[in-house]
Amino acid sequence: MRRIGVLTASVAGLLTLTTAACSSGSGGGDGAGTADDPTELTFYMDKGGWNDSFEAQNEVSRAEGMVLDVVQTPGSDAAAYDSFVRQSFQTNERPDLFTWSTGEKLADLVEQGVVAETTDIWAEAEAEGLVPDGLIDNYTYDGKQYCVPLNVAYWPVYYNKHVFEEHGLEVPTTFDELMDAATVLRDAGVTPFHQMNVFFEFVWFQNILAGTDPEAYAGLGTGETSFTDPVVVDAAQQWLDMMHDGYFLDPGVTTEPEALLASGDVAMASFGSFLTGELASIDSVPGEDFGVFPFPNVDPSLPNGQMVLETGPLCVARGAAHEEAALEYSRWWMDDEAQTHWSESRGDPSYNPDVPVADPEMAAVVGAVGSGELQVQQRFQEMVPWDVYNRSKEVFGEFVSDAPDDPMDGLEALQSVADEYWSQQG
């Protein structure tokens, strides 16, 4: 019988406690079992509150001869989970499947040779139209793919429909229209934009730079762009100028973003599509109380709009007890049946363009990504080297809190970290 283990002990304790789970596959062998005798795939994950969704998913995957035996680590911070997974690779008790992060953290595991290649799975998924253009870039290292997407979060702009209606505003399709609407709201005493100085500090820098020069934005993740390049400095300056002009929430406000948006205390918030579920949890109805739209390009001459996409991977441990079955599960996870069921269970949009999205405005965003109208960009957090991201939390947090007149000191600090990283990459 399938089990969910909820473990809160130390990393050493976790490894001891999960030994039995790692060898418990009732299907036996390395391949999938049957619906009556499915292979149990040990699955390490750090997603608090997702147990019910994985349990529901097992009811569907059982017909494929596979179920997840979930080992969750609630209460452990990211560093503890990281250590937990990495230590498992030093033993014979590595998981069949596990959650991780894209970007440098996944690249590090690829370099160590501890994650299984999924190039064939991605080739099939792209041929069958199961993924949007650009998503594969998050999983590609030296021309090969590793892991598959566990989930995605699109990063549009959420807006309060009642506030827009009260002030006679239409959904903006250009950056000038966005700023015109923000000016109307600010002058009427409504805070136009949400932002935070503790989490997601990078969001507005990300949006402005990607909407000004997508190649320069992407270049921050490869070292081809410097944080002190004029286009980057101008984007940071534009962001600071917007703060100086009173378009953003007071950084001292700590109320949850969904509450601020639902109450109309802020009119707009650039957030991942997981905010839809948070809004629903406080009885805010999509299409009635709130809507979404893509962040408009700052440069209107760009041929495509931009859509930042965050994605978390589902990885197969190389050499795991049920590696072959785990790869089959990964292939199944990307298909229409699995993604439709997962989207319905989670309430989040799927990356699979064939999966319907209940919210019509979010469906339009997803459709525009699938058609290529919106160009996918990696989220800043996963795109840049990890050390750069960690330093940016301080730099951009200070920007939000203090709104300095000149961004150069902070950008030079980021470039110093970036230079050190890229100099070590050969």
# chains A, B, ... in the order shown; residues from 1 in each chain; ligands from 1
call {"tool": "residues_around", "arguments": {"residues": "Pro286 of chain A", "least_positions_apart": "4", "cutoff": "12 Å", "atoms": "only C-alpha atoms", "output": "PDB file with C-alpha atoms, in the first residue's frame"}}
result
ATOM      1  CA  TYR A 158      -2.922  40.605 -11.525  1.00  0.00           C
ATOM      2  CA  TYR A 159      -5.392  43.471 -11.225  1.00  0.00           C
ATOM      3  CA  ASN A 160      -8.443  44.276  -9.137  1.00  0.00           C
ATOM      4  CA  LYS A 161     -11.382  44.509 -11.529  1.00  0.00           C
ATOM      5  CA  HIS A 162     -13.516  46.593  -9.170  1.00  0.00           C
ATOM      6  CA  ALA A 262      -8.566  41.615  -3.087  1.00  0.00           C
ATOM      7  CA  SER A 273       0.080  32.193 -11.283  1.00  0.00           C
ATOM      8  CA  LEU A 275      -1.509  33.699  -6.640  1.00  0.00           C
ATOM      9  CA  THR A 276      -4.775  32.564  -8.244  1.00  0.00           C
ATOM     10  CA  GLY A 277      -5.093  29.825  -5.649  1.00  0.00           C
ATOM     11  CA  GLU A 278      -4.239  32.214  -2.832  1.00  0.00           C
ATOM     12  CA  LEU A 279      -6.935  34.625  -4.024  1.00  0.00           C
ATOM     13  CA  ALA A 280      -9.448  31.803  -4.318  1.00  0.00           C
ATOM     14  CA  SER A 281      -8.688  30.825  -0.720  1.00  0.00           C
ATOM     15  CA  ILE A 282     -10.084  34.195   0.410  1.00  0.00           C
ATOM     16  CA  PHE A 290      -9.602  39.981 -10.387  1.00  0.00           C
ATOM     17  CA  GLY A 291      -8.018  39.412 -13.779  1.00  0.00           C
ATOM     18  CA  VAL A 292      -4.580  39.054 -15.339  1.00  0.00           C
ATOM     19  CA  GLY A 347      -6.013  24.669  -9.430  1.00  0.00           C
ATOM     20  CA  VAL A 357      -7.564  26.569 -17.960  1.00  0.00           C
ATOM     21  CA  ALA A 358     -10.710  27.466 -16.033  1.00  0.00           C
ATOM     22  CA  ASP A 359      -9.931  31.202 -15.741  1.00  0.00           C
ATOM     23  CA  PRO A 360     -10.501  32.742 -19.211  1.00  0.00           C
ATOM     24  CA  GLU A 361      -7.976  35.558 -18.729  1.00  0.00           C
ATOM     25  CA  MET A 362      -5.278  33.171 -17.516  1.00  0.00           C
ATOM     26  CA  ALA A 363      -6.244  30.873 -20.385  1.00  0.00           C
TER      27      ALA A 363
END
call {"tool": "residues_around", "arguments": {"residues": "Gly103 of chain A", "least_positions_apart": "6", "cutoff": "12 Å", "atoms": "only C-alpha atoms", "output": "list of chain:residue names"}}
result
A:Leu109, A:Val110, A:Asp137, A:Asn138, A:Tyr139, A:Thr140, A:Tyr141, A:Tyr146, A:Gly221, A:Thr222, A:Glu310, A:Thr311, A:Gly312, A:Pro313, A:Gln378, A:Arg379, A:Phe380, A:Gln381, A:Glu382, A:Met383, A:Val384, A:Pro385, A:Trp386, A:Asp387, A:Val388, A:Tyr389
call {"tool": "select_by_dssp", "arguments": {"residues": "segment 222-284 of chain A", "states": "strand (DSSP E or B)", "output": "PDB file with all heavy atoms, in the first residue's frame"}}
result
ATOM      1  N   PHE A 248       4.494  52.661  -5.976  1.00  0.00           N
ATOM      2  CA  PHE A 248       4.576  51.365  -5.316  1.00  0.00           C
ATOM      3  C   PHE A 248       4.089  51.409  -3.870  1.00  0.00           C
ATOM      4  O   PHE A 248       4.078  52.455  -3.225  1.00  0.00           O
ATOM      5  CB  PHE A 248       6.021  50.853  -5.329  1.00  0.00           C
ATOM      6  CG  PHE A 248       6.483  50.369  -6.672  1.00  0.00           C
ATOM      7  CD1 PHE A 248       7.300  51.159  -7.460  1.00  0.00           C
ATOM      8  CD2 PHE A 248       6.098  49.123  -7.153  1.00  0.00           C
ATOM      9  CE1 PHE A 248       7.735  50.717  -8.703  1.00  0.00           C
ATOM     10  CE2 PHE A 248       6.530  48.670  -8.394  1.00  0.00           C
ATOM     11  CZ  PHE A 248       7.350  49.470  -9.168  1.00  0.00           C
ATOM     12  N   VAL A 266      -4.044  47.653  -3.080  1.00  0.00           N
ATOM     13  CA  VAL A 266      -3.201  47.834  -4.263  1.00  0.00           C
ATOM     14  C   VAL A 266      -4.036  47.413  -5.462  1.00  0.00           C
ATOM     15  O   VAL A 266      -4.884  46.516  -5.364  1.00  0.00           O
ATOM     16  CB  VAL A 266      -1.886  47.021  -4.215  1.00  0.00           C
ATOM     17  CG1 VAL A 266      -0.992  47.489  -3.091  1.00  0.00           C
ATOM     18  CG2 VAL A 266      -2.157  45.540  -4.128  1.00  0.00           C
ATOM     19  N   ALA A 267      -3.803  48.061  -6.594  1.00  0.00           N
ATOM     20  CA  ALA A 267      -4.611  47.774  -7.781  1.00  0.00           C
ATOM     21  C   ALA A 267      -4.015  46.669  -8.629  1.00  0.00           C
ATOM     22  O   ALA A 267      -4.751  45.941  -9.306  1.00  0.00           O
ATOM     23  CB  ALA A 267      -4.762  49.038  -8.624  1.00  0.00           C
ATOM     24  N   MET A 268      -2.676  46.534  -8.614  1.00  0.00           N
ATOM     25  CA  MET A 268      -2.006  45.567  -9.484  1.00  0.00           C
ATOM     26  C   MET A 268      -0.843  44.917  -8.744  1.00  0.00           C
ATOM     27  O   MET A 268      -0.206  45.553  -7.901  1.00  0.00           O
ATOM     28  CB  MET A 268      -1.484  46.253 -10.753  1.00  0.00           C
ATOM     29  CG  MET A 268      -2.561  46.716 -11.707  1.00  0.00           C
ATOM     30  SD  MET A 268      -1.907  47.696 -13.107  1.00  0.00           S
ATOM     31  CE  MET A 268      -1.862  49.350 -12.372  1.00  0.00           C
ATOM     32  N   ALA A 269      -0.581  43.651  -9.104  1.00  0.00           N
ATOM     33  CA  ALA A 269       0.545  42.923  -8.518  1.00  0.00           C
ATOM     34  C   ALA A 269       1.114  41.990  -9.566  1.00  0.00           C
ATOM     35  O   ALA A 269       0.371  41.198 -10.165  1.00  0.00           O
ATOM     36  CB  ALA A 269       0.102  42.122  -7.291  1.00  0.00           C
ATOM     37  N   SER A 270       2.409  42.094  -9.811  1.00  0.00           N
ATOM     38  CA  SER A 270       3.084  41.165 -10.720  1.00  0.00           C
ATOM     39  C   SER A 270       3.484  39.942  -9.910  1.00  0.00           C
ATOM     40  O   SER A 270       4.333  40.024  -9.017  1.00  0.00           O
ATOM     41  CB  SER A 270       4.319  41.832 -11.339  1.00  0.00           C
ATOM     42  OG  SER A 270       4.990  40.937 -12.194  1.00  0.00           O
TER      43      SER A 270
END
call {"tool": "closest_residue", "arguments": {"among": "A:Tyr247, A:Tyr351, A:Leu414, A:Thr39", "to": "Ile136 of chain A", "atoms": "only C-alpha atoms"}}
result
A:Tyr351
call {"tool": "residues_around", "arguments": {"residues": "segment 179-181 of chain A", "least_positions_apart": "4", "cutoff": "7 Å", "atoms": "only C-alpha atoms", "output": "PyMOL selection string"}}
result
chain A and resi 169+175+185
call {"tool": "write_last_selection", "arguments": {"atoms": "C-alpha atoms", "output": "CSV table (one decimal), in the first residue's frame"}}
result
chain,number,residue,atom,x,y,z
A,169,LEU,CA,-9.6,52.0,-16.6
A,175,PHE,CA,3.7,50.2,-21.1
A,185,LEU,CA,-4.8,55.5,-9.5
call {"tool": "select_by_dssp", "arguments": {"residues": "segment 79-145 of chain A", "states": "alpha helix (DSSP H)", "output": "list in words"}}
result
Ala79, Ala80, Tyr81, Asp82, Ser83, Phe84, Val85, Arg86, Gln87, Ser88, Glu104, Lys105, Leu106, Ala107, Asp108, Leu109, Val110, Glu111, Gln112, Thr119, Asp120, Ile121, Trp122, Ala123, Glu124, Ala125, Glu126 and Ala127 of chain A
call {"tool": "closest_residue", "arguments": {"among": "A:Ser263, A:Asn352, A:Asn197, A:Thr42", "to": "Phe98 of chain A", "atoms": "only C-alpha atoms"}}
result
A:Thr42
call {"tool": "residues_around", "arguments": {"residues": "Pro296 of chain A", "least_positions_apart": "2", "cutoff": "10 Å", "atoms": "only C-alpha atoms", "output": "list of chain:residue names"}}
result
A:Pro156, A:Val157, A:Pro172, A:Thr173, A:Thr174, A:Phe175, A:Asp176, A:Glu177, A:Leu178, A:Asn207, A:Ile208, A:Gly211, A:Thr212, A:Phe293, A:Pro294, A:Val298, A:Asp299, A:Pro300, A:Gly305, A:Gln306, A:Met307
call {"tool": "closest_atom_pairs", "arguments": {"of": "segment 149-194 of chain A", "to": "segment 343-346 of chain A", "cutoff": "12 Å", "atoms": "only C-alpha atoms", "output": "tab-separated table"}}
result
residue	atom	partner	partner_atom	distance
A:Leu150	CA	A:Ser343	CA	11.2
A:Asn151	CA	A:Ser343	CA	9.2
A:Val152	CA	A:Ser343	CA	10.6
A:Ala153	CA	A:Ser343	CA	11.7
call {"tool": "write_last_selection", "arguments": {"atoms": "all heavy atoms", "output": "compact mmCIF listing (two decimals), in the first residue's frame"}}
result
# COMPACT_ATOMS: atom_id res chain seq x y z
N LEU A 150 7.88 19.64 -13.10
CA LEU A 150 6.85 19.28 -12.13
C LEU A 150 5.67 20.22 -12.28
O LEU A 150 4.51 19.80 -12.28
CB LEU A 150 7.41 19.37 -10.71
CG LEU A 150 6.42 19.15 -9.57
CD1 LEU A 150 5.94 17.70 -9.56
CD2 LEU A 150 7.02 19.52 -8.23
N ASN A 151 5.97 21.50 -12.40
CA ASN A 151 4.92 22.51 -12.54
C ASN A 151 5.53 23.76 -13.15
O ASN A 151 6.75 23.86 -13.31
CB ASN A 151 4.30 22.83 -11.18
CG ASN A 151 5.28 23.56 -10.26
OD1 ASN A 151 6.43 23.14 -10.12
ND2 ASN A 151 4.83 24.62 -9.63
N VAL A 152 4.68 24.68 -13.51
CA VAL A 152 5.13 25.99 -13.96
C VAL A 152 4.28 27.06 -13.27
O VAL A 152 3.18 26.80 -12.81
CB VAL A 152 5.03 26.19 -15.49
CG1 VAL A 152 5.90 25.19 -16.25
CG2 VAL A 152 3.57 26.11 -15.96
N ALA A 153 4.83 28.24 -13.22
CA ALA A 153 4.05 29.41 -12.79
C ALA A 153 4.33 30.52 -13.79
O ALA A 153 5.48 30.91 -14.01
CB ALA A 153 4.44 29.85 -11.38
call {"tool": "residues_around", "arguments": {"residues": "Asp36 of chain A", "least_positions_apart": "6", "cutoff": "9 Å", "atoms": "only C-alpha atoms", "output": "list in words"}}
result
Arg62, Ala63 and Gly65 of chain A
call {"tool": "write_last_selection", "arguments": {"atoms": "all heavy atoms", "output": "compact mmCIF listing (two decimals), in the first residue's frame"}}
result
# COMPACT_ATOMS: atom_id res chain seq x y z
N ARG A 62 -1.89 4.89 -11.11
CA ARG A 62 -1.98 3.47 -10.77
C ARG A 62 -2.33 2.64 -12.00
O ARG A 62 -1.84 1.50 -12.16
CB ARG A 62 -3.03 3.27 -9.67
CG ARG A 62 -3.16 1.83 -9.19
CD ARG A 62 -4.19 1.73 -8.06
NE ARG A 62 -3.75 2.49 -6.90
CZ ARG A 62 -2.95 2.01 -5.95
NH1 ARG A 62 -2.51 0.76 -6.05
NH2 ARG A 62 -2.60 2.74 -4.93
N ALA A 63 -3.16 3.18 -12.87
CA ALA A 63 -3.53 2.46 -14.10
C ALA A 63 -2.33 2.23 -15.00
O ALA A 63 -2.32 1.32 -15.84
CB ALA A 63 -4.62 3.22 -14.85
N GLY A 65 0.57 1.50 -13.71
CA GLY A 65 1.44 0.58 -12.98
C GLY A 65 2.46 1.26 -12.11
O GLY A 65 3.48 0.66 -11.76
call {"tool": "closest_residue", "arguments": {"among": "A:Leu41, A:Met242, A:Ala210, A:Leu249", "to": "Val190 of chain A", "atoms": "only C-alpha atoms"}}
result
A:Leu249
call {"tool": "residues_around", "arguments": {"residues": "Phe54 of chain A", "least_positions_apart": "3", "cutoff": "9 Å", "atoms": "only C-alpha atoms", "output": "PyMOL selection string"}}
result
chain A and resi 50-51+57-59+68+70+342+345
